[in-house]
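Shown next: structure-v2.txt, given as compact mmCIF, C-alpha atoms and all ligand atoms.
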# COMPACT_ATOMS: atom_id res chain seq x y z
CA MET A 1 -14.68 136.83 125.37
CA PRO A 2 -13.91 139.41 128.04
CA SER A 3 -10.45 139.70 129.42
CA THR A 4 -10.39 136.89 131.90
CA LEU A 5 -8.82 135.91 135.15
CA VAL A 6 -8.28 139.42 136.39
CA SER A 7 -11.19 139.81 138.73
CA GLN A 8 -11.46 136.54 140.49
CA ARG A 9 -12.66 136.34 144.02
CA ARG A 10 -11.99 133.84 146.70
CA GLY A 11 -14.65 131.40 147.63
CA ILE A 12 -14.77 127.98 149.12
CA TYR A 13 -16.20 124.70 148.23
CA GLY A 14 -17.35 122.37 150.91
CA LEU A 15 -17.87 118.67 150.82
CA ALA A 16 -19.82 116.77 153.40
CA TRP A 17 -20.46 113.11 153.55
CA GLY A 18 -21.53 110.53 156.05
CA ARG A 19 -21.37 106.77 156.00
CA GLY A 20 -24.47 106.57 153.85
CA ALA A 21 -24.13 107.69 150.28
CA HIS A 22 -27.45 109.52 150.53
CA THR A 23 -25.90 112.09 152.83
CA GLU A 24 -23.28 113.09 150.34
CA ARG A 25 -23.47 116.54 148.93
CA ALA A 26 -21.12 119.11 147.60
CA GLU A 27 -21.34 122.85 147.60
CA ASN A 28 -19.74 125.26 145.25
CA GLU A 29 -19.76 128.75 146.69
CA CYS A 30 -18.74 130.35 143.41
CA SER A 31 -22.13 129.76 141.86
CA LYS A 32 -24.22 130.84 144.81
CA GLY A 33 -24.66 134.42 143.84
CA SER A 34 -23.85 137.01 141.27
CA PRO A 35 -21.21 139.64 142.04
CA GLU A 36 -24.07 142.09 142.50
CA SER A 37 -25.64 140.03 145.22
CA GLY A 38 -22.81 140.87 147.56
CA ILE A 39 -22.38 137.32 148.72
CA PHE A 40 -18.75 137.33 147.74
CA ARG A 41 -18.04 140.47 149.68
CA ASN A 42 -19.14 138.64 152.78
CA ILE A 43 -17.62 135.31 152.06
CA SER A 44 -14.30 136.08 153.72
CA GLY A 45 -16.00 135.21 156.99
CA HIS A 46 -16.41 131.69 155.67
CA LEU A 47 -12.97 131.21 154.25
CA ALA A 48 -11.45 128.08 155.63
CA PRO A 49 -7.82 127.06 155.71
CA ALA A 50 -7.07 124.46 153.12
CA HIS A 51 -7.70 120.91 154.25
CA ARG A 52 -9.54 121.87 157.39
CA MET A 53 -11.57 118.96 158.67
CA GLU A 54 -14.13 118.85 161.43
CA SER A 55 -16.82 116.54 162.68
CA ARG A 56 -20.46 117.39 162.84
CA GLN A 57 -23.53 115.46 163.96
CA ILE A 58 -26.11 115.28 161.24
CA GLY A 59 -29.04 113.94 163.18
CA ASP A 60 -30.46 111.23 165.42
CA GLY A 61 -28.74 107.95 164.95
CA MET A 62 -26.70 109.21 162.03
CA SER A 63 -22.97 108.92 161.87
CA SER A 64 -21.03 112.10 162.17
CA ASN A 65 -20.17 113.94 159.05
CA VAL A 66 -16.83 115.17 157.95
CA ILE A 67 -16.71 118.62 156.49
CA PHE A 68 -13.92 119.29 154.08
CA SER A 69 -13.48 122.87 153.06
CA GLU A 70 -10.89 124.27 150.81
CA GLU A 71 -10.32 127.64 149.25
CA VAL A 72 -11.08 127.81 145.60
CA TRP A 73 -10.77 130.61 143.14
CA CYS A 74 -13.95 131.95 141.58
CA ASP A 75 -14.12 133.59 138.19
CA MET A 76 -17.06 135.96 138.44
CA GLU A 77 -16.69 137.59 135.02
CA THR A 78 -16.23 135.11 132.22
CA MET A 79 -19.46 134.23 130.45
CA GLY A 80 -21.62 135.34 133.34
CA GLY A 81 -19.34 134.23 136.15
CA GLY A 82 -20.05 131.64 138.81
CA TRP A 83 -17.09 129.51 137.81
CA MET A 84 -14.94 127.55 140.24
CA LEU A 85 -11.39 127.03 139.05
CA VAL A 86 -10.09 123.48 139.14
CA GLN A 87 -6.92 124.06 137.13
CA LYS A 88 -4.81 127.09 136.38
CA ARG A 89 -1.44 127.72 134.69
CA HIS A 90 -0.09 131.20 134.23
CA ASN A 91 3.63 131.36 134.96
CA GLY A 92 5.14 127.89 135.14
CA SER A 93 5.85 128.18 138.86
CA VAL A 94 4.30 124.84 139.80
CA ASP A 95 5.52 121.42 138.69
CA PHE A 96 2.66 119.44 137.13
CA HIS A 97 4.58 116.20 136.59
CA ARG A 98 3.17 114.61 139.73
CA THR A 99 2.11 111.29 141.15
CA TRP A 100 -1.32 109.68 141.19
CA ARG A 101 -1.67 110.53 144.86
CA GLU A 102 -0.79 114.17 144.28
CA TYR A 103 -3.29 114.49 141.44
CA LYS A 104 -5.88 112.79 143.63
CA GLN A 105 -5.38 115.23 146.50
CA GLY A 106 -4.55 118.31 144.46
CA PHE A 107 -1.55 120.60 144.56
CA GLY A 108 -0.61 124.24 144.28
CA GLY A 109 -2.48 127.10 145.91
CA ALA A 110 -5.90 128.41 144.89
CA SER A 111 -4.56 131.85 144.07
CA GLY A 112 -1.74 130.54 141.87
CA GLU A 113 -1.09 127.61 139.62
CA HIS A 114 -2.91 124.56 140.87
CA TRP A 115 -4.83 121.35 140.33
CA LEU A 116 -7.80 121.15 142.67
CA GLY A 117 -7.61 117.37 142.89
CA ASN A 118 -9.28 114.42 141.22
CA SER A 119 -11.07 113.36 144.38
CA ALA A 120 -12.69 116.79 144.72
CA LEU A 121 -13.32 116.95 140.97
CA HIS A 122 -15.20 113.68 141.14
CA ARG A 123 -17.28 114.60 144.17
CA ILE A 124 -18.20 118.03 142.90
CA SER A 125 -18.91 117.05 139.29
CA THR A 126 -21.15 114.15 140.31
CA SER A 127 -23.09 116.04 142.97
CA ARG A 128 -25.15 117.69 140.24
CA ASP A 129 -24.98 118.45 136.52
CA TYR A 130 -21.89 120.56 135.80
CA SER A 131 -20.43 122.38 132.81
CA LEU A 132 -16.70 122.65 132.12
CA LEU A 133 -15.06 125.70 130.58
CA VAL A 134 -11.49 125.58 129.29
CA LEU A 135 -9.87 128.99 128.82
CA LEU A 136 -6.63 129.43 126.92
CA ARG A 137 -4.34 132.30 126.06
CA ASP A 138 -1.36 131.83 123.78
CA ALA A 139 1.95 133.66 123.84
CA ASP A 140 0.66 136.22 121.35
CA GLY A 141 -2.25 137.11 123.59
CA ASN A 142 -4.92 135.30 121.61
CA GLU A 143 -7.68 133.94 123.78
CA ALA A 144 -10.05 131.09 123.09
CA HIS A 145 -12.30 128.74 124.97
CA SER A 146 -13.87 125.31 124.79
CA LEU A 147 -17.13 124.71 126.61
CA TYR A 148 -18.60 121.36 127.58
CA ALA A 149 -22.24 121.70 128.63
CA HIS A 150 -22.06 118.49 130.66
CA PHE A 151 -18.97 117.22 132.42
CA HIS A 152 -18.10 114.82 135.20
CA ILE A 153 -15.39 112.41 136.16
CA SER A 154 -15.90 108.99 137.69
CA ASP A 155 -14.46 107.84 141.00
CA GLU A 156 -11.02 106.42 141.68
CA ASP A 157 -12.19 102.83 141.09
CA LYS A 158 -12.74 103.88 137.47
CA ASN A 159 -9.49 105.81 137.42
CA TYR A 160 -11.26 109.16 137.35
CA SER A 161 -12.47 108.57 133.81
CA LEU A 162 -13.68 111.57 131.88
CA HIS A 163 -17.22 112.23 130.63
CA ALA A 164 -17.85 115.35 128.57
CA ARG A 165 -20.52 116.24 126.03
CA GLY A 166 -22.17 119.28 124.53
CA PHE A 167 -19.01 120.77 123.02
CA SER A 168 -18.80 124.32 121.66
CA GLY A 169 -16.37 127.22 121.64
CA THR A 170 -13.62 129.03 119.78
CA ALA A 171 -10.58 126.90 120.63
CA GLY A 172 -10.99 124.61 117.64
CA LYS A 173 -14.03 123.22 115.87
CA THR A 174 -13.26 119.77 117.20
CA SER A 175 -12.97 118.96 120.85
CA SER A 176 -9.42 118.44 122.10
CA LEU A 177 -10.55 116.44 125.10
CA THR A 178 -10.24 112.70 124.67
CA ARG A 179 -13.44 110.75 124.27
CA SER A 180 -15.68 109.91 127.19
CA GLY A 181 -14.50 106.97 129.22
CA THR A 182 -10.83 107.83 128.93
CA MET A 183 -9.08 107.24 132.24
CA PHE A 184 -6.64 109.48 134.04
CA SER A 185 -2.93 108.61 133.98
CA THR A 186 0.06 109.94 135.89
CA LYS A 187 3.77 109.24 135.73
CA ASP A 188 3.30 106.40 138.21
CA ARG A 189 -0.09 105.10 136.98
CA ASP A 190 -0.50 104.12 133.34
CA ASN A 191 -4.17 103.84 132.34
CA ASP A 192 -3.87 104.95 128.72
CA PHE A 193 -4.46 103.02 125.50
CA CYS A 194 -0.87 103.18 124.32
CA SER A 195 1.86 100.60 124.72
CA CYS A 196 3.89 103.61 125.76
CA LYS A 197 3.36 105.60 128.92
CA CYS A 198 1.74 108.83 127.81
CA ALA A 199 1.94 110.60 131.15
CA GLN A 200 5.70 110.07 131.28
CA MET A 201 6.19 111.18 127.67
CA ALA A 202 3.91 114.17 128.08
CA SER A 203 5.24 115.15 131.52
CA GLY A 204 1.93 115.51 133.29
CA GLY A 205 -1.19 113.80 134.59
CA TRP A 206 -4.14 113.86 132.18
CA TRP A 207 -6.82 111.85 130.41
CA PHE A 208 -4.61 110.20 127.80
CA GLU A 209 -5.77 107.87 125.09
CA ALA A 210 -2.87 107.04 122.76
CA CYS A 211 -1.97 109.66 123.65
CA GLY A 212 -4.64 112.06 122.44
CA PRO A 213 -5.05 115.67 121.38
CA SER A 214 -4.71 117.48 124.69
CA ASN A 215 -2.69 117.89 127.83
CA LEU A 216 -3.22 121.06 129.80
CA ASN A 217 -0.94 119.72 132.51
CA GLY A 218 2.14 119.46 130.30
CA VAL A 219 5.29 121.53 130.60
CA TYR A 220 4.80 125.30 130.66
CA TYR A 221 7.27 126.65 128.11
CA PRO A 222 7.63 130.40 128.36
CA GLY A 223 8.59 132.65 125.52
CA THR A 224 7.26 133.79 122.20
CA GLY A 225 8.22 133.40 118.61
CA VAL A 226 8.97 130.32 116.63
CA SER A 227 10.07 127.44 118.78
CA LYS A 228 10.48 123.84 117.98
CA VAL A 229 7.63 121.56 118.87
CA ALA A 230 7.92 119.97 122.26
CA TYR A 231 5.88 116.85 122.75
CA ASN A 232 5.52 117.45 126.46
CA SER A 233 4.30 121.04 126.27
CA ILE A 234 0.81 122.20 127.14
CA LYS A 235 -1.39 121.00 124.30
CA TRP A 236 -4.88 121.73 122.95
CA TYR A 237 -4.39 120.27 119.51
CA TYR A 238 -7.44 121.48 117.61
CA TRP A 239 -6.71 125.06 118.53
CA LYS A 240 -2.93 125.39 118.14
CA GLY A 241 -1.56 122.06 117.07
CA PRO A 242 0.79 119.78 118.93
CA SER A 243 2.58 122.34 121.04
CA LEU A 244 0.97 125.38 122.61
CA ARG A 245 2.98 128.29 123.94
CA ALA A 246 0.33 129.11 126.47
CA THR A 247 0.57 132.02 128.81
CA MET A 248 -2.60 130.98 130.56
CA THR A 249 -4.80 127.94 130.89
CA ALA A 250 -7.75 127.48 133.16
CA MET A 251 -10.36 124.80 133.69
CA MET A 252 -13.46 125.75 135.62
CA LEU A 253 -16.78 124.27 136.65
CA ARG A 254 -20.22 125.77 137.02
CA PRO A 255 -23.62 124.13 137.52
CA ALA A 256 -25.12 123.45 134.10
CA ASP A 257 -28.31 125.29 135.04
CA PHE A 258 -26.51 128.38 136.34
CA CA A 301 0.32 102.65 128.38

Encoding of this model in structure tokens:
Amino acid sequence: MPSTLVSQRRGIYGLAWGRGAHTERAENECSKGSPESGIFRNISGHLAPAHRMESRQIGDGMSSNVIFSEEVWCDMETMGGGWMLVQKRHNGSVDFHRTWREYKQGFGGASGEHWLGNSALHRISTSRDYSLLVLLRDADGNEAHSLYAHFHISDEDKNYSLHARGFSGTAGKTSSLTRSGTMFSTKDRDNDFCSCKCAQMASGGWWFEACGPSNLNGVYYPGTGVSKVAYNSIKWYYWKGPSLRATMTAMMLRPADF
């Protein structure tokens, strides 16, 4: 693994949809060119303010489209680049114990800690076949990754349930993501398979089973050395056990055929 998250570039993703499902598409600018192609040097001209919306006619007799553009962060180095970040933790500056609505819409800024948003995650990951890369760095500087060759999440009606397969990587021999079909839960929406409320206990929104081996949206505990296990810390169980002193986490998407 190269040293990661130091040479990211700004990009955008755009989502366009009309009243007919057939018009829906999603674009991910991060995967549109290699760093050598120069596309990312020119992309600043296309940067859009977050949450910009505009109307556009898409043709005779068709309803107008809505374009939704938002800045995303692109990782153009790790494993060939082309990755669009959908989650990042690196300093604990952003509170991840948020509501269903906040996880749906996303929070934080693209250049800092953030969650892109479950609505965007769904639209992007179902627009074509996507891979998911999870990058982790612990407090001692060890880096590891988990790669899922195929990843998508369902729509809100299915509580943004998770679907991941084709697991590989160095962050544990067993996947720390819960099994496919697991629904997303937040502190105000309990969709887990526990009589408890995992999202409240684990202090973050995530795909909890009962409650499961991972939570990258848990509490960011700084510091090194031996610390007592905190149930609500960032967790990627099959790499570092129940409580990870992470200095960095990132989740990123790239078309599977990139
Ligand atoms: Ca429950």

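When the distance limit is 9 Å and only C-alpha atoms are what count, the residues near A:Asn91, minus those fewer than 4 positions from it on the same chain, are Gly112, Glu113, Tyr220, Pro222, Thr247 and Met248 of chain A.
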
Rank A:Gly169, A:Gly205, A:Pro242, A:Gly106 by their smallest atom-to-atom distance to A:Met79, using all atoms listed in the file, and report the top residue only.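 Closest residue, counting all atoms listed in the file: A:Gly169.
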
So that I can check the surroundings of A:His97, please list as an MDAnalysis selection string every protein, DNA and RNA residue that reaches within 8 Å of it, counting all atoms listed in the file and ignoring chain neighbours fewer than 3 positions away. chainID A and resid 186:187 203:205 217:218

For a quick check of your reading of the model, name the residues lying within 7 Å of the coordinate (-5.4, 124.0, 138.8), counting only C-alpha atoms, and write them as a list in words. Leu85, Val86, Gln87, Lys88, Arg89, Glu113, His114, Trp115 and Leu116 of chain A

Using only C-alpha atoms, which residue out of A:Arg254, A:Asp138, A:Gln200, A:Asn118 lies closest to A:Arg101? A:Asn118

Selection near A:Leu216, 8 Å with only C-alpha atoms, sequence-local residues under 5 positions removed, as a PyMOL selection string: chain A and resi 206+234-236+249

Can you tell me which residues surround A:Ala230 at a distance of at most 10 Å, considering all atoms listed in the file, apart from same-chain residues fewer than 2 positions away, and format the answer as an MDAnalysis selection string? chainID A and resid 202 218:219 221 227:228 232:235 242:245

For A:Thr99, which residue among A:Ser131, A:Asp188, A:Val229, A:Ala256 is the nearest when counting only C-alpha atoms?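 Looking at the shortest contact to A:Thr99, the residue is A:Asp188.
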
Set out as CSV a contact list for chain A and ligand CA 301 (chain A) with a cut-off of 12 Å, giving each residue of chain A that qualifies its closest atom pair and distance in Å to one decimal, counting only C-alpha atoms and all ligand atoms, ordered by chain and rising residue number.
residue,atom,partner,partner_atom,distance
A:Met183,CA,A:CA301,CA,11.2
A:Phe184,CA,A:CA301,CA,11.3
A:Ser185,CA,A:CA301,CA,8.8
A:Thr186,CA,A:CA301,CA,10.5
A:Lys187,CA,A:CA301,CA,10.5
A:Asp188,CA,A:CA301,CA,10.9
A:Arg189,CA,A:CA301,CA,9.0
A:Asp190,CA,A:CA301,CA,5.2
A:Asn191,CA,A:CA301,CA,6.1
A:Asp192,CA,A:CA301,CA,4.8
A:Phe193,CA,A:CA301,CA,5.6
A:Cys194,CA,A:CA301,CA,4.3
A:Ser195,CA,A:CA301,CA,4.5
A:Cys196,CA,A:CA301,CA,4.5
A:Lys197,CA,A:CA301,CA,4.3
A:Cys198,CA,A:CA301,CA,6.4
A:Ala199,CA,A:CA301,CA,8.6
A:Gln200,CA,A:CA301,CA,9.6
A:Met201,CA,A:CA301,CA,10.4
A:Trp207,CA,A:CA301,CA,11.8
A:Phe208,CA,A:CA301,CA,9.0
A:Glu209,CA,A:CA301,CA,8.7
A:Ala210,CA,A:CA301,CA,7.8
A:Cys211,CA,A:CA301,CA,8.8

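Between atom CA of A:Ser154 and atom CA of A:His90 there is a distance of 27.5 Å.
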
Could you build a table of the residues in stretch 108-177 of chain A lying no more than 9 Å from stretch 71-76 of chain A, giving for each the nearest pair of atoms and their separation in Å rounded to one decimal place, using only C-alpha atoms, ordered by chain and ascending residue number, as a tab-separated table?
residue	atom	partner	partner_atom	distance
A:Gly109	CA	A:Glu71	CA	8.5
A:Ala110	CA	A:Val72	CA	5.3
A:Ser111	CA	A:Trp73	CA	6.4
A:Leu116	CA	A:Val72	CA	8.0

Go ahead and compute the interatomic distance for atom CA of A:Leu253 and atom CA of A:Gly82, in Å to one decimal.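 Interatomic distance here is 8.3 Å.
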
Between atom CA of A:Ala149 and atom CA of A:Ser175 - distance in Å to one decimal: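 Going from atom CA of A:Ser175 over to atom CA of A:Ala149 covers 12.4 Å.
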
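Proximity to A:Ser168 at 8 Å, evaluated using all atoms listed in the file and with sequence-adjacent residues fewer than 6 positions away removed, yields Ser146, Leu147, Tyr148 and Ser175 of chain A.
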